[in-house]
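> Structure below; questions to follow.
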Amino acid sequence: MVLGLPTALLAVLSTIILSPVAVHAVDLETVLAGQANLTTFRGLIKNHTDIFANLPKGVTVAVPNDNAFRKLGNWEAYNESTVAATLKYHILTETIDMPSIEKGDSVWASTTLTGEKFSNVTGGQRLILTKQPGGEVVFTSGFATRGTVLVEDLPFDNGLVQVIDSVMRVPETLESTARSAYTDLTAFVGALYATDLMSEVVKHKDLTIFAPRNTAFQQLAGALENMDKEKLKRVLHYHIVPGQLAHVWELKNASALGTAEKGKKVSVTRHTNFIYINSAEIIQADILVANGLVHMIDNVLNPDLAGARPDVTLTTAQAPVFTPVGATATGTTVPTPFASDLPCTASCPVAPPAAKPTGSGGGAGDAPSSNAGVAPARCTGLAGAGVGIGLIVGAIMVAL
Ligand SMILES: *[C@@H]1O[C@H](CO)[C@@H](O)[C@H](O)[C@H]1NC(C)=O
Ligand SMILES: *[C@@H]1O[C@H](CO)[C@@H](O)[C@H](O)[C@H]1NC(C)=O
Ligand SMILES: *[C@@H]1O[C@H](CO)[C@@H](O)[C@H](O)[C@H]1NC(C)=O
Ligand SMILES: *[C@@H]1O[C@H](CO)[C@@H](O)[C@H](O)[C@H]1NC(C)=O
Ligand SMILES: *[C@@H]1O[C@H](CO)[C@@H](O)[C@H](O)[C@H]1NC(C)=O
């Protein structure tokens, strides 16, 4: 039928069909200028033509609004190199439109932030895009900093703009993430230092780390601290999956992941909204770090009990898979194991011995007290345990 149309009419038709593309052929600055409250980001684009004039073809630019920069508080303190890295982290290497993400689904998006100085993740440091059950899309970055898309899918001549309400934070090392945002992981980080494994962990790319929270170590009392170093190394290696970024939605029921402990795998069990690694429950998923991602778990994994599986009918926590040493002294009143193995940072005054804490602490909804039992005379910079971890877990579980 089309064949029978006069050429003139065809020309008109093709103009009509092509015109939406023509309308979108405006540059990034023009599109942003048409929106309120994006002046800070527009200024950054002007100042960083090196980045924005050389974008790959077909990108998505996450644009924090002015209030997002105000909320961040310390943007002025960012130096040139961290500003540039942060901008590159806001540019996704693909054009991703928000309606293409299904409710409850997540997309693991590569960004233009590459290079060992800021990212040891193959294909550029990632952002996680999750569509909430209500339909809004949330971007997740380092330190579990999240931003909600306020204005979606603004087209420009090289892709799409998503206006977000928070500045995305470039993921940092496991140690720095534990020190400043996830203080519930300091026992694990301390144990990596105690076994000289930290330097190994830092230099690897694409790791998935199952990191037990502090109370998981505390409930074992001395079992791990009294272990010889080689054996403890095996235990810690068993928590690390090398060469694989296994985000939570890829952890399939009854699948197994090879660990850095040769020949030993961990197994995944999914039951309703719960996800277990062997018998340990994931209590916070997908914490982005410079060289991969971390899932926080509520028990220490044992390479000699790789067959441990959860009793999914239990409403309480699963039993530990190590025999506690000095069983009378378990619980959160025990000082955090390996805390003293964390190196002191420059801004680290010597604290007076802490008073013996009272509260029970430890539960996910109890996050502020999970720092209970810090060893005396160690870095006070670690105070203020991961506030709101319970809420974050809640949000993740909804998103699953
Ligand atoms: C822009 O910001 C101002 C001040 O915060 C606010 O009153 C206004 O509603 C914002 N405009 C839009 C379109 O978001
Ligand atoms: C852009 O650069 C100018 C000159 O260095 C500076 O005054 C201004 O604050 C910068 N703008 C932004 C948004 O960083
Ligand atoms: C910029 O700031 C970061 C983080 O605060 C710091 O690690 C880095 O050394 C600084 N770079 C320069 C060139 O000052
Ligand atoms: C990436 O790995 C290299 C060595 O393999 C290391 O020097 C660098 O600090 C790492 N980068 C980050 C951001 O951790
Ligand atoms: C998960 O796997 C286990 C055993 O491998 C099986 O018993 C269970 O039914 C599976 N659960 C689901 C939800 O498929």
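Residues are named by chain letter and number: chains run A, B, ... in the order of the structure tokens, numbers start at 1 in each chain, and ligands are numbered from 1 in the order shown.
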Excluding His237 of chain A and residues on its chain fewer than 5 positions from it, collect all residues at most 10 Å away from it, counting only C-alpha atoms, and give them as an MDAnalysis selection string.
chainID A and resid 192 197 201 209 231:232 242 259:262 264 301 303
> Keeping all heavy atoms, export the residues of the selection given above as a tab-separated table (two decimals), in the first residue's frame.

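Result file part18.tsv:
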chain	number	residue	atom	x	y	z
A	192	LEU	N	40.37	-8.87	58.88
A	192	LEU	CA	41.16	-8.89	57.65
A	192	LEU	C	42.56	-8.31	57.91
A	192	LEU	O	43.56	-8.80	57.38
A	192	LEU	CB	40.46	-8.09	56.54
A	192	LEU	CG	39.18	-8.72	55.96
A	192	LEU	CD1	38.47	-7.73	55.03
A	192	LEU	CD2	39.49	-10.01	55.22
A	197	LEU	N	45.17	-9.89	55.42
A	197	LEU	CA	44.45	-10.09	54.16
A	197	LEU	C	43.97	-8.77	53.54
A	197	LEU	O	43.56	-8.74	52.38
A	197	LEU	CB	43.25	-11.00	54.37
A	197	LEU	CG	43.54	-12.49	54.54
A	197	LEU	CD1	42.23	-13.26	54.78
A	197	LEU	CD2	44.25	-13.04	53.32
A	201	VAL	N	42.75	-7.94	49.69
A	201	VAL	CA	41.37	-7.60	49.36
A	201	VAL	C	41.31	-6.30	48.54
A	201	VAL	O	40.59	-6.20	47.56
A	201	VAL	CB	40.51	-7.47	50.65
A	201	VAL	CG1	39.19	-6.79	50.37
A	201	VAL	CG2	40.29	-8.85	51.26
A	209	ILE	N	31.65	-9.68	48.55
A	209	ILE	CA	32.08	-9.99	49.91
A	209	ILE	C	30.86	-10.19	50.79
A	209	ILE	O	29.96	-9.35	50.82
A	209	ILE	CB	32.96	-8.85	50.47
A	209	ILE	CG1	34.20	-8.65	49.58
A	209	ILE	CG2	33.37	-9.13	51.92
A	209	ILE	CD1	35.03	-7.43	49.94
A	231	LYS	N	44.23	-20.64	59.97
A	231	LYS	CA	42.86	-21.14	59.99
A	231	LYS	C	41.88	-19.97	59.84
A	231	LYS	O	40.89	-20.06	59.11
A	231	LYS	CB	42.62	-21.90	61.30
A	231	LYS	CG	41.53	-22.91	61.18
A	231	LYS	CD	41.50	-23.90	62.32
A	231	LYS	CE	40.21	-24.72	62.20
A	231	LYS	NZ	39.74	-25.20	63.51
A	232	LEU	N	42.17	-18.89	60.53
A	232	LEU	CA	41.31	-17.71	60.44
A	232	LEU	C	41.32	-17.15	59.02
A	232	LEU	O	40.30	-16.70	58.50
A	232	LEU	CB	41.76	-16.65	61.45
A	232	LEU	CG	40.92	-15.37	61.50
A	232	LEU	CD1	39.45	-15.67	61.78
A	232	LEU	CD2	41.46	-14.42	62.57
A	242	PRO	N	35.74	-14.12	44.48
A	242	PRO	CA	36.54	-13.31	43.57
A	242	PRO	C	36.01	-13.32	42.15
A	242	PRO	O	35.40	-14.30	41.71
A	242	PRO	CB	37.93	-13.98	43.63
A	242	PRO	CG	37.70	-15.36	44.14
A	242	PRO	CD	36.32	-15.45	44.71
A	259	THR	N	34.47	-19.51	46.26
A	259	THR	CA	35.07	-18.50	47.13
A	259	THR	C	36.59	-18.48	46.97
A	259	THR	O	37.17	-19.33	46.28
A	259	THR	CB	34.74	-18.76	48.61
A	259	THR	OG1	35.45	-19.94	49.03
A	259	THR	CG2	33.25	-18.95	48.82
A	260	ALA	N	37.20	-17.52	47.65
A	260	ALA	CA	38.66	-17.40	47.61
A	260	ALA	C	39.33	-18.54	48.41
A	260	ALA	O	40.53	-18.73	48.32
A	260	ALA	CB	39.09	-16.05	48.17
A	261	GLU	N	38.55	-19.28	49.19
A	261	GLU	CA	39.05	-20.47	49.86
A	261	GLU	C	38.91	-21.62	48.86
A	261	GLU	O	37.81	-22.08	48.58
A	261	GLU	CB	38.26	-20.72	51.15
A	261	GLU	CG	38.60	-21.99	51.89
A	261	GLU	CD	40.07	-22.11	52.27
A	261	GLU	OE1	40.80	-21.09	52.30
A	261	GLU	OE2	40.52	-23.23	52.51
A	262	LYS	N	40.06	-22.03	48.33
A	262	LYS	CA	40.07	-22.95	47.17
A	262	LYS	C	39.18	-24.18	47.37
A	262	LYS	O	39.26	-24.86	48.38
A	262	LYS	CB	41.50	-23.41	46.89
A	262	LYS	CG	42.25	-22.42	46.06
A	262	LYS	CD	43.30	-23.09	45.16
A	262	LYS	CE	43.86	-22.12	44.14
A	262	LYS	NZ	44.14	-20.78	44.68
A	264	LYS	N	36.11	-24.39	47.89
A	264	LYS	CA	34.96	-24.26	48.79
A	264	LYS	C	33.94	-23.27	48.23
A	264	LYS	O	34.30	-22.16	47.85
A	264	LYS	CB	35.42	-23.76	50.17
A	264	LYS	CG	36.38	-24.69	50.89
A	264	LYS	CD	35.62	-25.87	51.48
A	264	LYS	CE	36.57	-26.75	52.28
A	264	LYS	NZ	35.84	-27.90	52.87
A	301	LEU	N	30.58	-17.38	58.39
A	301	LEU	CA	30.52	-18.63	57.61
A	301	LEU	C	31.70	-19.53	57.95
A	301	LEU	O	32.80	-19.05	58.20
A	301	LEU	CB	30.55	-18.31	56.11
A	301	LEU	CG	29.49	-17.33	55.59
A	301	LEU	CD1	29.80	-16.95	54.14
A	301	LEU	CD2	28.10	-17.94	55.71
A	303	PRO	N	34.06	-22.59	56.53
A	303	PRO	CA	34.40	-23.39	55.34
A	303	PRO	C	34.34	-24.89	55.61
A	303	PRO	O	34.22	-25.68	54.68
A	303	PRO	CB	35.83	-22.95	55.01
A	303	PRO	CG	36.36	-22.34	56.26
A	303	PRO	CD	35.18	-21.77	57.00
> To check your reading of the model: which residues sit at most 7 Å from ligand 4 when counting only C-alpha atoms and all ligand atoms? Write the answer as a tab-separated table (two decimals) with N, CA, C and O atoms, in the first residue's frame.

chain	number	residue	atom	x	y	z
A	116	GLU	N	41.78	2.87	38.13
A	116	GLU	CA	42.07	2.28	39.43
A	116	GLU	C	42.02	3.26	40.60
A	116	GLU	O	41.86	2.86	41.74
A	117	LYS	N	42.18	4.52	40.30
A	117	LYS	CA	42.21	5.47	41.40
A	117	LYS	C	40.86	5.52	42.11
A	117	LYS	O	40.79	5.73	43.32
A	118	PHE	N	39.80	5.34	41.34
A	118	PHE	CA	38.47	5.46	41.94
A	118	PHE	C	37.62	4.21	41.82
A	118	PHE	O	36.60	4.09	42.47
A	119	SER	N	38.01	3.28	40.96
A	119	SER	CA	37.12	2.14	40.74
A	119	SER	C	37.91	0.92	40.30
A	119	SER	O	38.71	1.00	39.37
A	120	ASN	N	37.70	-0.18	40.98
A	120	ASN	CA	38.28	-1.45	40.54
A	120	ASN	C	37.18	-2.42	40.17
A	120	ASN	O	37.14	-3.57	40.60
A	172	GLU	N	33.77	3.83	47.94
A	172	GLU	CA	35.16	3.81	48.38
A	172	GLU	C	35.53	2.40	48.83
A	172	GLU	O	34.77	1.46	48.65
A	173	THR	N	36.70	2.25	49.40
A	173	THR	CA	37.14	0.92	49.80
A	173	THR	C	36.23	0.35	50.90
A	173	THR	O	35.52	1.09	51.58
A	202	VAL	N	42.11	-5.32	48.96
A	202	VAL	CA	42.06	-4.01	48.33
A	202	VAL	C	42.47	-4.05	46.86
A	202	VAL	O	41.92	-3.34	46.03
A	203	LYS	N	43.43	-4.91	46.54
A	203	LYS	CA	43.94	-4.82	45.17
A	203	LYS	C	43.19	-5.69	44.16
A	203	LYS	O	43.46	-5.62	42.97
A	204	HIS	N	42.22	-6.45	44.63
A	204	HIS	CA	41.45	-7.27	43.69
A	204	HIS	C	40.31	-6.50	43.05
A	204	HIS	O	39.73	-5.62	43.65
A	205	LYS	N	39.97	-6.93	41.83
A	205	LYS	CA	38.83	-6.34	41.12
A	205	LYS	C	37.61	-7.23	41.29
A	205	LYS	O	37.74	-8.43	41.52
A	290	ALA	N	34.57	0.22	46.25
A	290	ALA	CA	35.41	0.55	45.09
A	290	ALA	C	35.68	-0.67	44.21
A	290	ALA	O	35.75	-0.54	42.99
A	291	ASN	N	35.83	-1.84	44.83
A	291	ASN	CA	36.18	-3.01	44.02
A	291	ASN	C	35.11	-4.10	44.04
A	291	ASN	O	35.41	-5.27	43.90
> Point out the residue among A:Ile240, A:Leu32, A:Leu185, A:Val63 with the least atom-to-atom distance to Gly147 of chain A, counting only C-alpha atoms.
A:Val63
> Neighbouring residues of ligand 1 are defined here as those with any atom at most 10 Å from a ligand atom, counting only C-alpha atoms and all ligand atoms; list them as a PyMOL selection string.
chain A and resi 35-38+65-67+150-151
> Compute the set of protein, DNA and RNA residues whose minimum atom distance to ligand 2 is at most 10 Å, using only C-alpha atoms and all ligand atoms, and state it as a ChimeraX atom specification.
/A:39-48,69,75-76,78,80,83
> With C-alpha atoms kept, could you save the residues just selected as a PDB file, in the first residue's frame?

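As a result, part.pdb now contains:
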ATOM      1  CA  THR A  39      22.033  25.670  38.416  1.00  0.00           C
ATOM      2  CA  THR A  40      24.805  23.892  40.340  1.00  0.00           C
ATOM      3  CA  PHE A  41      24.991  21.003  37.902  1.00  0.00           C
ATOM      4  CA  ARG A  42      24.829  23.368  34.923  1.00  0.00           C
ATOM      5  CA  GLY A  43      27.782  25.240  36.400  1.00  0.00           C
ATOM      6  CA  LEU A  44      29.664  21.978  36.762  1.00  0.00           C
ATOM      7  CA  ILE A  45      29.040  21.112  33.121  1.00  0.00           C
ATOM      8  CA  LYS A  46      30.440  24.510  32.079  1.00  0.00           C
ATOM      9  CA  ASN A  47      33.512  23.938  34.228  1.00  0.00           C
ATOM     10  CA  HIS A  48      34.122  20.385  33.006  1.00  0.00           C
ATOM     11  CA  PHE A  69      23.977  19.670  46.581  1.00  0.00           C
ATOM     12  CA  TRP A  75      30.294  19.881  48.279  1.00  0.00           C
ATOM     13  CA  GLU A  76      32.621  22.915  48.503  1.00  0.00           C
ATOM     14  CA  TYR A  78      35.440  18.367  47.200  1.00  0.00           C
ATOM     15  CA  GLU A  80      39.057  18.913  41.536  1.00  0.00           C
ATOM     16  CA  VAL A  83      34.532  16.509  41.655  1.00  0.00           C
TER      17      VAL A  83
END
> Against ligand 5, which residues of chain A fall within 10 Å? For each one I want the closest pair of atoms and the distance in Å (one decimal), counting only C-alpha atoms and all ligand atoms, rows by chain and increasing residue number, as CSV.

residue,atom,partner,partner_atom_place_in_ligand_line,distance
A:Lys252,CA,ligand 5,1 (C),8.4
A:Asn253,CA,ligand 5,1 (C),4.8
A:Ala254,CA,ligand 5,5 (O),4.3
A:Ser255,CA,ligand 5,5 (O),8.0
A:Ser267,CA,ligand 5,5 (O),8.9
A:Val268,CA,ligand 5,2 (O),8.1
A:Thr269,CA,ligand 5,1 (C),5.6
A:Arg270,CA,ligand 5,13 (C),5.9
A:His271,CA,ligand 5,13 (C),5.4
A:Thr272,CA,ligand 5,13 (C),6.8
A:Asn273,CA,ligand 5,13 (C),9.7
A:Arg309,CA,ligand 5,4 (C),9.1
A:Val312,CA,ligand 5,8 (C),10.0
> Could you list, as an mmCIF file with N, CA, C and O atoms, in the first residue's frame, all the residues within 6 Å of ligand 3, counting only C-alpha atoms and all ligand atoms?

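Contents of selection_17.cif, as written:
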data_model
loop_
_atom_site.group_PDB
_atom_site.id
_atom_site.type_symbol
_atom_site.label_atom_id
_atom_site.label_comp_id
_atom_site.auth_asym_id
_atom_site.auth_seq_id
_atom_site.Cartn_x
_atom_site.Cartn_y
_atom_site.Cartn_z
ATOM 1 N N ASN A 79 37.667 18.344 46.178
ATOM 2 C CA ASN A 79 38.719 18.906 45.317
ATOM 3 C C ASN A 79 38.460 18.536 43.852
ATOM 4 O O ASN A 79 37.558 17.752 43.546
ATOM 5 N N SER A 81 39.812 16.641 41.738
ATOM 6 C CA SER A 81 39.851 15.241 41.332
ATOM 7 C C SER A 81 38.601 14.482 41.796
ATOM 8 O O SER A 81 38.045 13.665 41.049
ATOM 9 N N THR A 82 38.103 14.800 42.982
ATOM 10 C CA THR A 82 36.894 14.100 43.434
ATOM 11 C C THR A 82 35.640 14.660 42.758
ATOM 12 O O THR A 82 34.680 13.929 42.541
#
> DSSP on the backbone, then: every residue of segment 147-259 of chain A marked strand (DSSP E), written as a list of chain:residue names.
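Answer for segment 147-259 of chain A, restricted to strand (DSSP E): A:Gly147, A:Thr148, A:Val149, A:Leu150, A:Val151, A:Glu152, A:Asp153, A:Leu154, A:Pro155, A:Phe156, A:Gly159, A:Leu160, A:Val161, A:Gln162, A:Val163, A:Ile164, A:Leu207, A:Thr208, A:Ile209, A:Phe210, A:Ala211, A:Pro212, A:Ile240, A:Val241, A:Ala256, A:Leu257, A:Gly258.
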> Got time to write the residues from that selection, C-alpha atoms, as a short mmCIF file (atom, residue, chain, number, x, y, z; two decimals), in the first residue's frame?

data_model
loop_
_atom_site.label_atom_id
_atom_site.label_comp_id
_atom_site.auth_asym_id
_atom_site.auth_seq_id
_atom_site.Cartn_x
_atom_site.Cartn_y
_atom_site.Cartn_z
CA GLY A 147 18.45 9.38 45.21
CA THR A 148 14.91 9.32 43.87
CA VAL A 149 14.22 10.32 40.28
CA LEU A 150 12.16 13.52 40.34
CA VAL A 151 11.93 14.25 36.61
CA GLU A 152 12.44 11.28 34.32
CA ASP A 153 13.51 10.71 30.74
CA LEU A 154 14.24 14.24 29.53
CA PRO A 155 15.66 13.63 26.05
CA PHE A 156 18.72 15.45 24.74
CA GLY A 159 20.53 10.32 25.47
CA LEU A 160 18.37 10.99 28.49
CA VAL A 161 18.49 13.09 31.66
CA GLN A 162 17.13 11.86 34.99
CA VAL A 163 16.83 14.57 37.64
CA ILE A 164 17.52 13.10 41.10
CA LEU A 207 34.76 -8.93 44.45
CA THR A 208 31.57 -9.98 46.16
CA ILE A 209 32.08 -9.99 49.91
CA PHE A 210 29.79 -11.56 52.48
CA ALA A 211 30.66 -9.53 55.54
CA PRO A 212 29.36 -10.68 58.93
CA ILE A 240 35.02 -13.59 49.52
CA VAL A 241 33.84 -14.43 46.01
CA ALA A 256 26.57 -21.95 44.65
CA LEU A 257 29.40 -19.41 44.44
CA GLY A 258 33.09 -20.26 44.42
#
> Please produce, as a Markdown table, a per-residue contact table for segment 132-183 of chain A versus segment 123-126 of chain A (criterion: any atom at most 9 Å away, only C-alpha atoms considered), showing the nearest atom pair and its distance in Å to one decimal, sorted by chain then residue number.

| residue | atom | partner | partner_atom | distance |
| --- | --- | --- | --- | --- |
| A:Ser141 | CA | A:Arg126 | CA | 7.7 |
| A:Val170 | CA | A:Gln125 | CA | 8.2 |
| A:Pro171 | CA | A:Gln125 | CA | 8.0 |
> Keeping N, CA, C and O atoms, export the residues of the selection given above as a compact mmCIF listing (two decimals), in the first residue's frame.

# COMPACT_ATOMS: atom_id res chain seq x y z
N SER A 141 24.04 4.46 45.32
CA SER A 141 25.46 4.66 45.06
C SER A 141 26.27 4.20 46.26
O SER A 141 25.77 3.45 47.10
N VAL A 170 30.61 8.35 45.14
CA VAL A 170 31.52 7.37 44.56
C VAL A 170 31.87 6.32 45.63
O VAL A 170 32.29 6.68 46.73
N PRO A 171 31.66 5.04 45.34
CA PRO A 171 31.99 4.00 46.31
C PRO A 171 33.47 4.03 46.68
O PRO A 171 34.32 4.26 45.82
> Under the rule of at most 10 Å, produce a per-residue listing of segment 156-228 of chain A near segment 338-342 of chain A: chain, number, name, the closest pair of atoms, and the distance in Å, as a tab-separated table, using only C-alpha atoms.

residue	atom	partner	partner_atom	distance
A:Glu175	CA	A:Leu342	CA	9.2
A:Arg179	CA	A:Leu342	CA	9.7
A:Thr186	CA	A:Ala339	CA	6.5
A:Ala187	CA	A:Phe338	CA	5.3
A:Phe188	CA	A:Phe338	CA	7.6
A:Val189	CA	A:Leu342	CA	7.2
A:Gly190	CA	A:Phe338	CA	4.8
A:Ala191	CA	A:Phe338	CA	5.4
A:Leu192	CA	A:Asp341	CA	8.6
A:Tyr193	CA	A:Asp341	CA	6.1
A:Ala194	CA	A:Asp341	CA	5.7
A:Thr195	CA	A:Asp341	CA	9.4
A:Asn214	CA	A:Ala339	CA	9.6
A:Phe217	CA	A:Phe338	CA	9.0
A:Gln218	CA	A:Phe338	CA	10.0
A:Leu224	CA	A:Phe338	CA	9.4
A:Glu225	CA	A:Phe338	CA	7.4
> Which of segment 265-350 of chain A counts as helix (DSSP H, G or I) under DSSP, as an MDAnalysis selection string please?
chainID A and resid 303:305 327:329 339:341
> Report, in Å with one decimal, the straight-line distance from atom CA of Tyr182 of chain A to atom CA of Gly292 of chain A.
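According to the coordinates, atom CA of Tyr182 of chain A and atom CA of Gly292 of chain A are separated by 15.5 Å.
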> What's the separation between atom CA of Thr145 of chain A and atom CA of Asp298 of chain A, in Å to one decimal place?
22.0 Å
> Measuring between only C-alpha atoms, which one of A:Thr114, A:Gln132, A:Thr215, A:Asn158 shows the shortest distance to Ile101 of chain A?
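Using only C-alpha atoms, Ile101 of chain A sits closest to A:Gln132.
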> Here is a test: counting only C-alpha atoms, which residue of A:Ser279, A:Thr315, A:Thr60, A:Asn54 is nearest to Val266 of chain A?
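The answer is A:Ser279, which sits nearest to Val266 of chain A.
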> How many Å lie between atom CA of Leu28 of chain A and atom CA of Glu102 of chain A, rounded to one decimal?
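About the pair atom CA of Leu28 of chain A and atom CA of Glu102 of chain A: they are 26.9 Å apart.
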> Find the residue from A:Asp157, A:Phe274, A:Ile96, A:His295 that sits nearest to Ala144 of chain A; use only C-alpha atoms when measuring.
A:His295
